[in-house]
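File shown: input23.cif. Contents: mmCIF, C-alpha atoms.
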data_structure
#
loop_
_atom_site.label_atom_id
_atom_site.label_comp_id
_atom_site.auth_asym_id
_atom_site.auth_seq_id
_atom_site.Cartn_x
_atom_site.Cartn_y
_atom_site.Cartn_z
CA MET A 49 -9.38 -4.36 -0.32
CA HIS A 50 -5.69 -3.82 0.29
CA GLU A 51 -5.55 -7.54 1.18
CA TYR A 52 -4.94 -8.21 -2.53
CA SER A 53 -1.86 -6.01 -2.60
CA ILE A 54 -0.62 -7.65 0.60
CA VAL A 55 -0.92 -11.08 -1.02
CA GLN A 56 0.96 -9.89 -4.09
CA ALA A 57 3.76 -8.63 -1.85
CA LEU A 58 3.71 -11.93 0.07
CA LEU A 59 3.99 -14.05 -3.09
CA GLY A 60 6.91 -11.97 -4.34
CA GLN A 61 8.62 -12.33 -0.99
CA VAL A 62 8.14 -16.12 -0.90
CA GLU A 63 9.42 -16.46 -4.44
CA ARG A 64 12.57 -14.54 -3.52
CA HIS A 65 13.29 -16.75 -0.49
CA ALA A 66 12.47 -19.93 -2.41
CA ARG A 67 14.93 -18.99 -5.14
CA GLN A 68 17.63 -18.27 -2.57
CA HIS A 69 17.14 -21.76 -1.12
CA ARG A 70 16.77 -23.42 -4.53
CA ALA A 71 13.37 -24.75 -3.49
CA THR A 72 11.42 -26.87 -5.93
CA ALA A 73 8.06 -26.33 -4.22
CA VAL A 74 6.48 -24.51 -1.29
CA HIS A 75 4.32 -26.47 1.14
CA ARG A 76 3.13 -24.06 3.78
CA LEU A 77 3.40 -20.39 4.73
CA HIS A 78 3.16 -19.15 8.32
CA VAL A 79 2.01 -15.56 8.63
CA SER A 80 1.24 -13.42 11.71
CA ILE A 81 -1.53 -10.83 11.49
CA GLY A 82 -2.10 -8.45 14.39
CA GLU A 83 -5.53 -7.47 15.64
CA LEU A 84 -4.70 -3.84 14.79
CA ALA A 85 -2.90 -4.56 11.52
CA GLY A 86 -5.89 -3.40 9.51
CA VAL A 87 -6.03 -6.73 7.69
CA GLU A 88 -9.16 -8.87 7.46
CA VAL A 89 -8.06 -12.50 7.76
CA PRO A 90 -10.93 -14.01 5.67
CA LEU A 91 -10.27 -11.46 2.91
CA LEU A 92 -6.57 -12.25 3.04
CA GLU A 93 -7.36 -15.96 2.67
CA THR A 94 -9.64 -15.31 -0.31
CA ALA A 95 -7.04 -13.10 -1.95
CA TYR A 96 -4.39 -15.77 -1.36
CA THR A 97 -6.41 -18.56 -2.97
CA THR A 98 -7.07 -16.31 -5.95
CA PHE A 99 -3.53 -15.11 -6.54
CA ARG A 100 -1.48 -18.23 -5.72
CA GLU A 101 -2.56 -19.89 -9.00
CA ARG A 102 0.38 -20.51 -11.31
CA THR A 103 2.91 -19.43 -8.70
CA LEU A 104 5.34 -21.45 -6.62
CA CYS A 105 2.67 -21.36 -3.88
CA SER A 106 -0.13 -22.90 -5.97
CA ALA A 107 -0.33 -25.92 -3.65
CA ALA A 108 0.88 -24.23 -0.46
CA ASP A 109 -1.33 -23.81 2.61
CA LEU A 110 -1.51 -20.43 4.27
CA GLU A 111 -1.47 -20.65 8.03
CA ILE A 112 -2.43 -17.40 9.70
CA HIS A 113 -1.56 -16.75 13.35
CA PRO A 114 -3.69 -13.95 14.79
CA VAL A 115 -1.92 -11.72 17.34
CA PRO A 116 -4.07 -9.90 19.90
CA ALA A 117 -3.30 -6.22 20.51
CA SER A 118 -1.58 -5.36 23.75
CA TRP A 119 -0.76 -1.93 25.20
CA SER A 120 1.62 -0.90 27.93
CA CYS A 121 3.11 2.23 29.48
CA PRO A 122 6.50 3.08 27.89
CA ASP A 123 7.68 4.60 31.17
CA CYS A 124 6.54 2.22 33.92
CA SER A 125 5.70 -0.84 31.75
CA ARG A 126 2.26 -1.19 33.31
CA GLU A 127 -0.16 -3.04 31.04
CA ILE A 128 -3.04 -0.87 29.83
CA ALA A 129 -6.39 -2.52 29.23
CA LYS A 130 -8.24 -2.16 25.94
CA GLY A 131 -11.54 -0.31 25.97
CA THR A 132 -10.23 2.46 28.22
CA ALA A 133 -8.34 5.68 27.47
CA LEU A 134 -4.91 4.68 26.14
CA ARG A 135 -2.98 6.46 28.86
CA CYS A 136 -1.18 5.04 31.86
CA PRO A 137 -3.48 5.37 34.90
CA ASP A 138 -0.38 5.80 37.10
CA CYS A 139 1.88 8.23 35.25
CA GLY A 140 -0.37 9.54 32.45
CA SER A 141 1.99 8.66 29.59
CA PRO A 142 0.44 7.74 26.24
CA ALA A 143 0.30 3.96 25.89
CA ARG A 144 2.56 2.12 23.48
CA LEU A 145 1.34 -0.76 21.35
CA THR A 146 3.58 -3.68 22.32
CA CYS A 147 2.13 -6.09 19.78
CA GLY A 148 -0.87 -6.43 17.52
CA ASP A 149 0.03 -4.46 14.38
CA GLU A 150 2.23 -7.04 12.70
CA ILE A 151 1.86 -8.23 9.10
CA VAL A 152 4.75 -10.66 9.08
CA LEU A 153 5.89 -13.66 7.09
CA ASP A 154 7.24 -15.90 9.85
CA ARG A 155 8.26 -19.11 8.15
CA ILE A 156 8.16 -20.95 4.83
CA GLU A 157 8.07 -24.73 4.61
CA MET A 158 9.72 -25.53 1.32
CA GLU A 159 10.85 -28.56 -0.62
CA VAL A 160 14.50 -28.58 -1.48
CA SER A 161 16.25 -30.93 -3.83
CA MET B 278 16.16 -35.56 -1.97
CA CYS B 279 16.16 -37.25 1.42
CA ASP B 280 19.69 -38.53 1.97
CA THR B 281 19.07 -39.83 5.48
CA CYS B 282 17.25 -43.03 4.66
CA GLY B 283 17.44 -43.04 0.91
CA CYS B 284 13.63 -43.14 0.54
CA GLY B 285 13.71 -40.82 -2.42
CA ASP B 286 11.14 -38.40 -0.99
CA PRO B 287 11.87 -34.72 -1.31
CA GLU B 288 13.09 -32.99 1.83
CA ILE B 289 10.81 -30.37 3.35
CA VAL B 290 12.65 -27.74 5.37
CA PRO B 291 11.24 -24.92 7.46
CA VAL B 292 12.93 -21.60 6.66
CA GLU B 293 12.61 -18.86 9.28
CA VAL B 294 11.93 -15.52 7.61
CA GLN B 295 10.42 -13.10 10.18
CA GLU B 296 10.06 -10.34 7.62
CA LYS B 297 7.37 -7.70 7.25
CA ILE B 298 5.23 -8.51 4.23
CA LEU B 299 5.13 -4.83 3.27
CA SER B 300 8.91 -4.48 3.64
CA ASP B 301 9.26 -3.42 -0.01
CA ASN B 302 6.83 -0.56 0.57
CA ASP B 303 8.58 0.34 3.84
CA HIS B 304 11.90 0.44 2.00
CA ARG B 305 10.48 2.78 -0.64
CA ALA B 306 8.89 4.93 2.07
CA ALA B 307 12.23 5.24 3.85
CA HIS B 308 13.72 6.36 0.54
CA ASN B 309 10.99 9.03 0.15
CA ARG B 310 11.58 10.15 3.75
CA GLU B 311 15.31 10.56 3.11
CA HIS B 312 14.56 12.76 0.11
CA PHE B 313 12.02 14.88 2.01
CA ARG B 314 14.35 15.37 4.96
CA ALA B 315 17.36 16.13 2.78
CA ALA B 316 15.34 18.87 1.07
CA GLY B 317 13.94 20.17 4.38
CA VAL B 318 10.37 19.43 3.31
CA VAL B 319 7.85 18.37 5.95
CA ALA B 320 5.64 15.65 4.43
CA LEU B 321 2.28 14.98 6.04
CA ASN B 322 -0.07 12.12 5.22
CA LEU B 323 -3.66 13.37 5.29
CA MET B 324 -6.19 10.57 5.67
CA GLY B 325 -9.94 10.42 6.19
CA SER B 326 -13.26 9.29 4.75
CA PRO B 327 -14.44 10.52 1.36
CA GLY B 328 -16.01 13.90 2.01
CA ALA B 329 -14.39 14.39 5.43
CA GLY B 330 -13.03 17.73 4.25
CA LYS B 331 -9.39 16.93 3.45
CA THR B 332 -9.28 19.13 0.35
CA ALA B 333 -11.29 21.89 2.05
CA LEU B 334 -8.83 21.84 4.96
CA LEU B 335 -5.94 22.34 2.54
CA GLU B 336 -7.77 25.14 0.70
CA ALA B 337 -8.44 26.85 4.03
CA THR B 338 -4.81 26.29 5.04
CA ALA B 339 -3.60 28.08 1.91
CA ALA B 340 -6.00 30.97 2.57
CA ALA B 341 -5.01 31.23 6.23
CA LEU B 342 -1.30 31.19 5.38
CA ALA B 343 -1.80 33.87 2.73
CA ALA B 344 -3.64 36.04 5.26
CA ARG B 345 -0.91 35.63 7.87
CA ALA B 346 1.76 38.23 7.42
CA GLY B 347 5.22 36.81 6.92
CA SER B 348 4.19 33.16 7.06
CA GLY B 349 6.37 32.50 4.02
CA TYR B 350 5.44 28.82 3.74
CA ARG B 351 5.39 27.21 0.35
CA VAL B 352 2.83 24.43 0.28
CA GLY B 353 2.45 21.59 -2.18
CA ALA B 354 0.33 18.48 -2.38
CA VAL B 355 -0.47 15.28 -4.17
CA SER B 356 -4.07 14.10 -4.16
CA GLY B 357 -5.01 10.47 -4.46
CA ASP B 358 -8.34 9.53 -5.94
CA LEU B 359 -9.70 6.54 -7.82
CA ALA B 360 -10.68 8.79 -10.71
CA THR B 361 -10.54 12.46 -11.82
CA ASP B 362 -8.09 15.20 -10.93
CA ARG B 363 -10.76 17.42 -9.39
CA ASP B 364 -9.05 17.72 -5.98
CA SER B 365 -5.75 18.62 -7.55
CA ALA B 366 -7.47 21.30 -9.68
CA ARG B 367 -9.15 22.71 -6.55
CA LEU B 368 -5.81 22.88 -4.75
CA GLU B 369 -4.14 24.59 -7.70
CA ARG B 370 -6.88 27.23 -7.68
CA ALA B 371 -6.20 27.72 -3.96
CA GLY B 372 -2.53 28.38 -4.72
CA ILE B 373 -1.17 25.00 -3.70
CA ARG B 374 1.25 23.43 -6.16
CA SER B 375 -0.30 20.07 -6.76
CA ARG B 376 -0.49 16.90 -8.75
CA SER B 377 -3.11 14.18 -8.80
CA ILE B 378 -2.44 10.49 -8.37
CA THR B 379 -5.20 8.52 -10.03
CA THR B 380 -5.19 5.08 -8.47
CA GLY B 381 -7.76 3.33 -10.68
CA THR B 382 -9.12 0.64 -8.39
CA ALA B 383 -6.55 0.92 -5.58
CA CYS B 384 -8.04 2.07 -2.30
CA HIS B 385 -4.89 3.68 -0.89
CA LEU B 386 -1.66 5.36 -1.85
CA ASP B 387 1.61 3.51 -1.46
CA ALA B 388 5.19 4.73 -1.33
CA ARG B 389 5.81 3.87 -4.99
CA LEU B 390 2.90 6.00 -6.20
CA VAL B 391 4.09 8.95 -4.13
CA HIS B 392 7.64 8.52 -5.39
CA GLN B 393 6.47 8.46 -9.02
CA ALA B 394 4.46 11.65 -8.46
CA LEU B 395 7.53 13.37 -7.01
CA HIS B 396 9.32 12.77 -10.31
CA HIS B 397 6.71 14.85 -12.09
CA MET B 398 6.58 17.98 -9.99
CA ASP B 399 8.85 20.56 -8.38
CA TRP B 400 8.70 19.96 -4.66
CA ARG B 401 12.19 20.47 -3.21
CA ASP B 402 11.65 24.16 -2.50
CA LEU B 403 8.44 23.50 -0.53
CA ASP B 404 8.08 23.82 3.23
CA TYR B 405 5.08 21.51 3.56
CA PHE B 406 4.09 18.68 1.30
CA PHE B 407 0.64 17.23 1.93
CA ILE B 408 -0.10 13.75 0.71
CA GLU B 409 -3.87 13.75 0.46
CA ASN B 410 -4.64 10.05 0.59
CA VAL B 411 -7.55 8.27 -1.07
CA GLY B 412 -10.76 8.86 0.90
CA ASN B 413 -10.92 5.72 3.04
CA LEU B 414 -10.70 5.06 6.79
CA VAL B 415 -9.23 1.58 6.44
CA CYS B 416 -6.55 0.80 3.87
CA PRO B 417 -4.34 3.94 3.82
CA ALA B 418 -3.40 3.41 7.48
CA ILE B 419 -1.03 0.52 6.91
CA TYR B 420 1.09 1.98 4.09
CA ASP B 421 4.04 4.13 5.09
CA LEU B 422 4.63 6.80 2.45
CA GLY B 423 7.68 8.55 3.91
CA GLN B 424 5.69 11.15 5.86
CA GLU B 425 6.76 12.84 9.08
CA ALA B 426 3.29 12.57 10.57
CA ASN B 427 -0.16 11.14 9.99
CA VAL B 428 -3.11 13.50 10.20
CA VAL B 429 -6.60 12.01 10.27
CA VAL B 430 -9.41 14.31 9.18
CA LEU B 431 -12.77 13.45 10.74
CA SER B 432 -15.88 15.52 10.09
CA VAL B 433 -18.54 16.01 12.75
CA THR B 434 -21.20 14.67 10.38
CA GLU B 435 -19.56 11.23 10.41
CA GLY B 436 -20.67 10.65 13.98
CA GLU B 437 -18.81 10.21 17.23
CA ASP B 438 -18.41 6.43 16.98
CA LYS B 439 -16.09 6.39 13.94
CA PRO B 440 -12.87 6.13 16.03
CA LEU B 441 -14.19 2.96 17.72
CA LYS B 442 -15.29 1.48 14.39
CA TYR B 443 -12.01 2.23 12.60
CA PRO B 444 -9.40 2.00 15.37
CA VAL B 445 -6.38 1.22 13.19
CA ILE B 446 -6.23 4.55 11.40
CA PHE B 447 -6.67 6.50 14.66
CA GLN B 448 -4.02 4.42 16.39
CA LYS B 449 -1.58 5.50 13.67
CA ALA B 450 -2.59 9.18 13.82
CA ASP B 451 -0.31 11.86 15.23
CA LEU B 452 -3.15 14.36 15.06
CA VAL B 453 -6.91 14.20 14.49
CA VAL B 454 -8.45 17.27 12.91
CA VAL B 455 -12.18 17.40 13.53
CA THR B 456 -13.69 19.36 10.65
CA LYS B 457 -17.01 21.06 9.82
CA THR B 458 -17.47 22.22 13.40
CA ASP B 459 -19.68 25.06 12.12
CA LEU B 460 -22.33 22.36 11.56
CA VAL B 461 -22.45 21.27 15.21
CA PRO B 462 -25.45 23.52 16.08
CA HIS B 463 -27.42 21.72 13.35
CA LEU B 464 -26.53 18.24 14.60
CA PRO B 465 -28.45 17.61 17.81
CA GLY B 466 -27.41 13.94 17.75
CA ILE B 467 -23.66 14.54 17.95
CA ASP B 468 -22.05 14.28 21.37
CA MET B 469 -18.67 16.02 21.14
CA GLN B 470 -17.44 14.80 24.52
CA ALA B 471 -18.23 11.23 23.47
CA LEU B 472 -16.22 11.82 20.28
CA ARG B 473 -13.24 12.96 22.33
CA ASP B 474 -13.57 9.97 24.71
CA ASN B 475 -13.79 7.57 21.78
CA ILE B 476 -10.63 9.00 20.21
CA ALA B 477 -8.81 8.57 23.54
CA GLN B 478 -9.71 4.86 23.54
CA VAL B 479 -7.95 4.19 20.23
CA MET B 480 -5.31 6.93 19.95
CA PRO B 481 -2.64 7.07 22.66
CA THR B 482 -1.71 10.75 22.32
CA ASP B 483 -5.32 11.84 21.65
CA ALA B 484 -4.06 15.04 20.02
CA VAL B 485 -7.19 16.63 18.61
CA LEU B 486 -7.88 19.97 16.94
CA GLU B 487 -11.26 21.24 15.82
CA VAL B 488 -11.61 23.43 12.77
CA SER B 489 -14.12 24.87 10.38
CA ALA B 490 -12.83 25.54 6.89
CA VAL B 491 -15.94 27.69 6.32
CA THR B 492 -15.68 30.08 9.26
CA GLY B 493 -11.93 29.73 9.84
CA ALA B 494 -12.49 28.75 13.48
CA GLY B 495 -9.59 26.70 14.82
CA MET B 496 -7.38 27.35 11.81
CA ALA B 497 -4.89 29.24 14.00
CA ASP B 498 -4.41 26.10 16.14
CA TRP B 499 -3.84 24.04 13.01
CA LEU B 500 -1.27 26.49 11.68
CA GLY B 501 0.35 26.42 15.13
CA TRP B 502 0.65 22.65 14.88
CA LEU B 503 2.30 23.06 11.46
CA ASP B 504 4.59 25.80 12.81
CA ALA B 505 5.95 23.37 15.40
CA PHE B 506 7.60 21.40 12.58
CA ALA B 507 9.20 24.50 11.08
CA THR B 508 10.66 25.57 14.41
CA ALA B 509 11.67 22.10 15.56
CA GLY B 510 13.01 21.14 12.13
CA ALA B 511 12.95 17.56 13.29
CA PRO B 512 10.89 14.41 12.96
CA VAL B 513 7.52 14.26 14.62
CA ALA B 514 8.87 12.54 17.72
CA ALA B 515 10.61 15.77 18.64
CA VAL B 516 7.52 17.87 18.07
CA PRO B 517 5.26 18.32 21.06
CA ALA B 518 1.82 16.88 20.43
CA VAL B 519 -0.78 19.61 20.67
CA ALA B 520 -3.84 18.67 22.63
CA GLY B 521 -6.81 20.60 21.31
CA GLY B 522 -9.12 22.78 23.29
CA GLU B 523 -12.63 21.71 24.12
CA ILE B 524 -14.40 20.21 21.15
#

Take the structure I supplied and represent it as structure tokens, if you would.
Amino acid sequence: MHEYSIVQALLGQVERHARQHRATAVHRLHVSIGELAGVEVPLLETAYTTFRERTLCSAADLEIHPVPASWSCPDCSREIAKGTALRCPDCGSPARLTCGDEIVLDRIEMEVS
Amino acid sequence: MCDTCGCGDPEIVPVEVQEKILSDNDHRAAHNREHFRAAGVVALNLMGSPGAGKTALLEATAAALAARAGSGYRVGAVSGDLATDRDSARLERAGIRSRSITTGTACHLDARLVHQALHHMDWRDLDYFFIENVGNLVCPAIYDLGQEANVVVLSVTEGEDKPLKYPVIFQKADLVVVTKTDLVPHLPGIDMQALRDNIAQVMPTDAVLEVSAVTGAGMADWLGWLDAFATAGAPVAAVPAVAGGEI
């Protein structure tokens, strides 16, 4: 259940940015979670609703954007399909994950005075 | 306050952040990595299920190094567990300088816990520093600790489908060490080729070694993999991945 520690890190991060912008409230958070991030979205949502109490985010929605995993060859850029060996069928290089492992705070909608 | 129309409503502004949520941990991990590299210590993050044989692999490593003339490696470790310091005590008995990190309810180690442990032990004169993570195939994968490489320990008794069920940890692995291979003759259900194929579907370099801590089989390959760091003296990217023999 590392989702709880991720939410704690997220709330700290939001608080820091909100202070910088002298925000009086936070309305919505936009977060990207990759398919291979090792984060369960429903657990993250539960953890968020539990921990946002009595923080600047207590009334803020959490919008999660899932990012599918995608692999390609680092040498010839050929896309490599999931469910097969993660090597380029042309040149044999180990595939590189181009996206799908992100745990990123994209954007904060905040109320400023 | 909205100044445009004078309605008195508060102004809601979108602020672009684009920041990793675990950036604090990543920052601490980078700090650990700087310390390890400055001291010439190779730090390795050892992950795997509870009972996969992480501690046994380290015990066997200490024995194999002691038996190898002129190996000269000094090995240390921290062991993460929810409770007890049993692993750390086992490692000490095996001749590995060690300290336990008791995590309470936390299912993984993070860079802060490792950093705190470093303050309480002598480690700068070591050649290899193993970070034996909490037994868990899920959570440890996403926390950078400052290691040079990730080693996933997978025992044959766990079954050949584990890489497909837990792809994230295998995707992050620089090496998979398949342990308890001495048990293979007693496991008619295990298909070793299927295990290798499954690893290849989730781990790009599919660098796999097979070992038995009981018989010592494969330990020479494992020591060879460790040796590559000592000779290269560089981060893992510069170290050739070792593809294992037939499983």

Next item on the list: Show which residues sit within 10 Å of range 129-137 of chain A, as a list in words. Count all atoms listed in the file, and ignore same-chain residues fewer than 6 positions away.
Entry: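 My reading of the contact set: Ala117, Ser118, Trp119, Ser120, Cys121, Pro122, Asp123, Ala143, Arg144 and Leu145 of chain A; Leu441, Gln448, Asp474, Asn475, Ile476, Ala477, Gln478, Val479, Met480, Pro481, Thr482 and Asp483 of chain B.
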
Note to self: Residues of chain A within 7 Å of chain B, counting all atoms listed in the file, what are they? List them as number ranges by chain.
What the structure shows: A: 49-50, 54, 57-58, 84-86, 131-135, 142-143, 151-161

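Excluding His304 in chain B itself and same-chain residues fewer than 6 positions from it, the residues having an atom within 12 Å of it are Lys297, Ile298, Arg310, Glu311, Asp387, Ala388, Arg389, His392, Tyr420, Asp421, Leu422 and Gly423 of chain B, counting all atoms listed in the file.
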
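Separating CA of Gly436 in chain B from CA of Ile467 in chain B is a distance of 6.3 Å.
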
Calculate, to one decimal in Å, the centre and edge lengths of the box along x, y and z of the file that holds all listed atoms of range 285-303 of chain B with 3 Å of margin on each side, and present them as AutoDock Vina command-line options.
--center_x 9.4 --center_y -20.2 --center_z 3.9 --size_x 14.6 --size_y 47.2 --size_z 18.6

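Applying the 7 Å criterion to (-3.4, 13.4, 6.1) in file coordinates and using only C-alpha atoms, one obtains the residues Leu321, Asn322, Leu323, Met324, Phe407, Ile408, Glu409, Asn410, Asn427, Val428, Val429 and Val430 of chain B.
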
Checklist line | Distance of CA of Ala316 in chain B from CA of Trp502 in chain B, expressed in Å to one decimal place | finding: 20.5 Å

Check: Expanded to explicit residues, what is the PyMOL selection byres ((chain A and resi 93-97) around 9) for this file, as a list of chain:residue names?
Finding: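 Selected by the PyMOL selection byres ((chain A and resi 93-97) around 9) here: A:Glu51, A:Tyr52, A:Ser53, A:Ile54, A:Val55, A:Gln56, A:Leu59, A:Glu88, A:Val89, A:Pro90, A:Leu91, A:Leu92, A:Thr98, A:Phe99, A:Arg100, A:Glu101, A:Ser106, A:Leu110, A:Ile112.
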
Resulting file, chosen residues, C-alpha atoms, as a PDB file, keeping the file's coordinate frame:
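The resulting file, part-v2.pdb, is reproduced below:
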ATOM      1  CA  GLU A  51      -5.550  -7.540   1.180  1.00  0.00           C
ATOM      2  CA  TYR A  52      -4.940  -8.210  -2.530  1.00  0.00           C
ATOM      3  CA  SER A  53      -1.860  -6.010  -2.600  1.00  0.00           C
ATOM      4  CA  ILE A  54      -0.620  -7.650   0.600  1.00  0.00           C
ATOM      5  CA  VAL A  55      -0.920 -11.080  -1.020  1.00  0.00           C
ATOM      6  CA  GLN A  56       0.960  -9.890  -4.090  1.00  0.00           C
ATOM      7  CA  LEU A  59       3.990 -14.050  -3.090  1.00  0.00           C
ATOM      8  CA  GLU A  88      -9.160  -8.870   7.460  1.00  0.00           C
ATOM      9  CA  VAL A  89      -8.060 -12.500   7.760  1.00  0.00           C
ATOM     10  CA  PRO A  90     -10.930 -14.010   5.670  1.00  0.00           C
ATOM     11  CA  LEU A  91     -10.270 -11.460   2.910  1.00  0.00           C
ATOM     12  CA  LEU A  92      -6.570 -12.250   3.040  1.00  0.00           C
ATOM     13  CA  THR A  98      -7.070 -16.310  -5.950  1.00  0.00           C
ATOM     14  CA  PHE A  99      -3.530 -15.110  -6.540  1.00  0.00           C
ATOM     15  CA  ARG A 100      -1.480 -18.230  -5.720  1.00  0.00           C
ATOM     16  CA  GLU A 101      -2.560 -19.890  -9.000  1.00  0.00           C
ATOM     17  CA  SER A 106      -0.130 -22.900  -5.970  1.00  0.00           C
ATOM     18  CA  LEU A 110      -1.510 -20.430   4.270  1.00  0.00           C
ATOM     19  CA  ILE A 112      -2.430 -17.400   9.700  1.00  0.00           C
TER      20      ILE A 112
END

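Here the question is which of A:Gln68, A:Val62, A:His75, A:Thr146 gets nearest to Val115 in chain A using all atoms listed in the file, and that residue is A:Thr146.
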
Notebook entry, point to check: Taking the file as shown, what set of residues would the PyMOL selection byres ((chain B and resi 318) around 8) give back, as a VMD selection string?
Noted result: chain B and resid 313 to 317 319 to 320 401 to 406

Check: CA of Gly60 in chain A and CA of Gly82 in chain A are how many Å apart?
Finding: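 Separating CA of Gly60 in chain A from CA of Gly82 in chain A is a distance of 21.1 Å.
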
Notebook entry, point to check: Nearest to Arg126 in chain A: which of A:Glu63, A:Pro114, A:Gly140, A:Ala108 is it, counting only C-alpha atoms?
Noted result: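 Of A:Glu63, A:Pro114, A:Gly140, A:Ala108, the one nearest Arg126 in chain A is A:Gly140, counting only C-alpha atoms.
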
Notebook entry, point to check: Could you name the residues that touch Ala333 in chain B at 10 Å or less, counting all atoms listed in the file, but leaving out those on the same chain fewer than 5 positions away, as number ranges by chain?
Noted result: B: 328, 338-339, 364, 367-368, 371, 456-457, 489-491

Check: Which protein, DNA or RNA residues have an atom at most 12 Å from (-8.7, 21.6, 12.0), counting all atoms listed in the file? List them as a ChimeraX atom specification.
Finding: /B:323,329-338,341,428-433,452-459,484-503,519,521-522,524

Next item on the list: Please write the residues picked by the PyMOL selection byres ((chain B and resi 399) around 12) on this file as a ChimeraX atom specification.
Entry: /B:316,318,351-355,373-376,394-398,400-403,406

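Between Thr103 in chain A and the candidates A:Cys139, A:Ala73, A:Cys147, A:Val79, the tightest atom-to-atom separation, counting all atoms listed in the file, involves A:Ala73.
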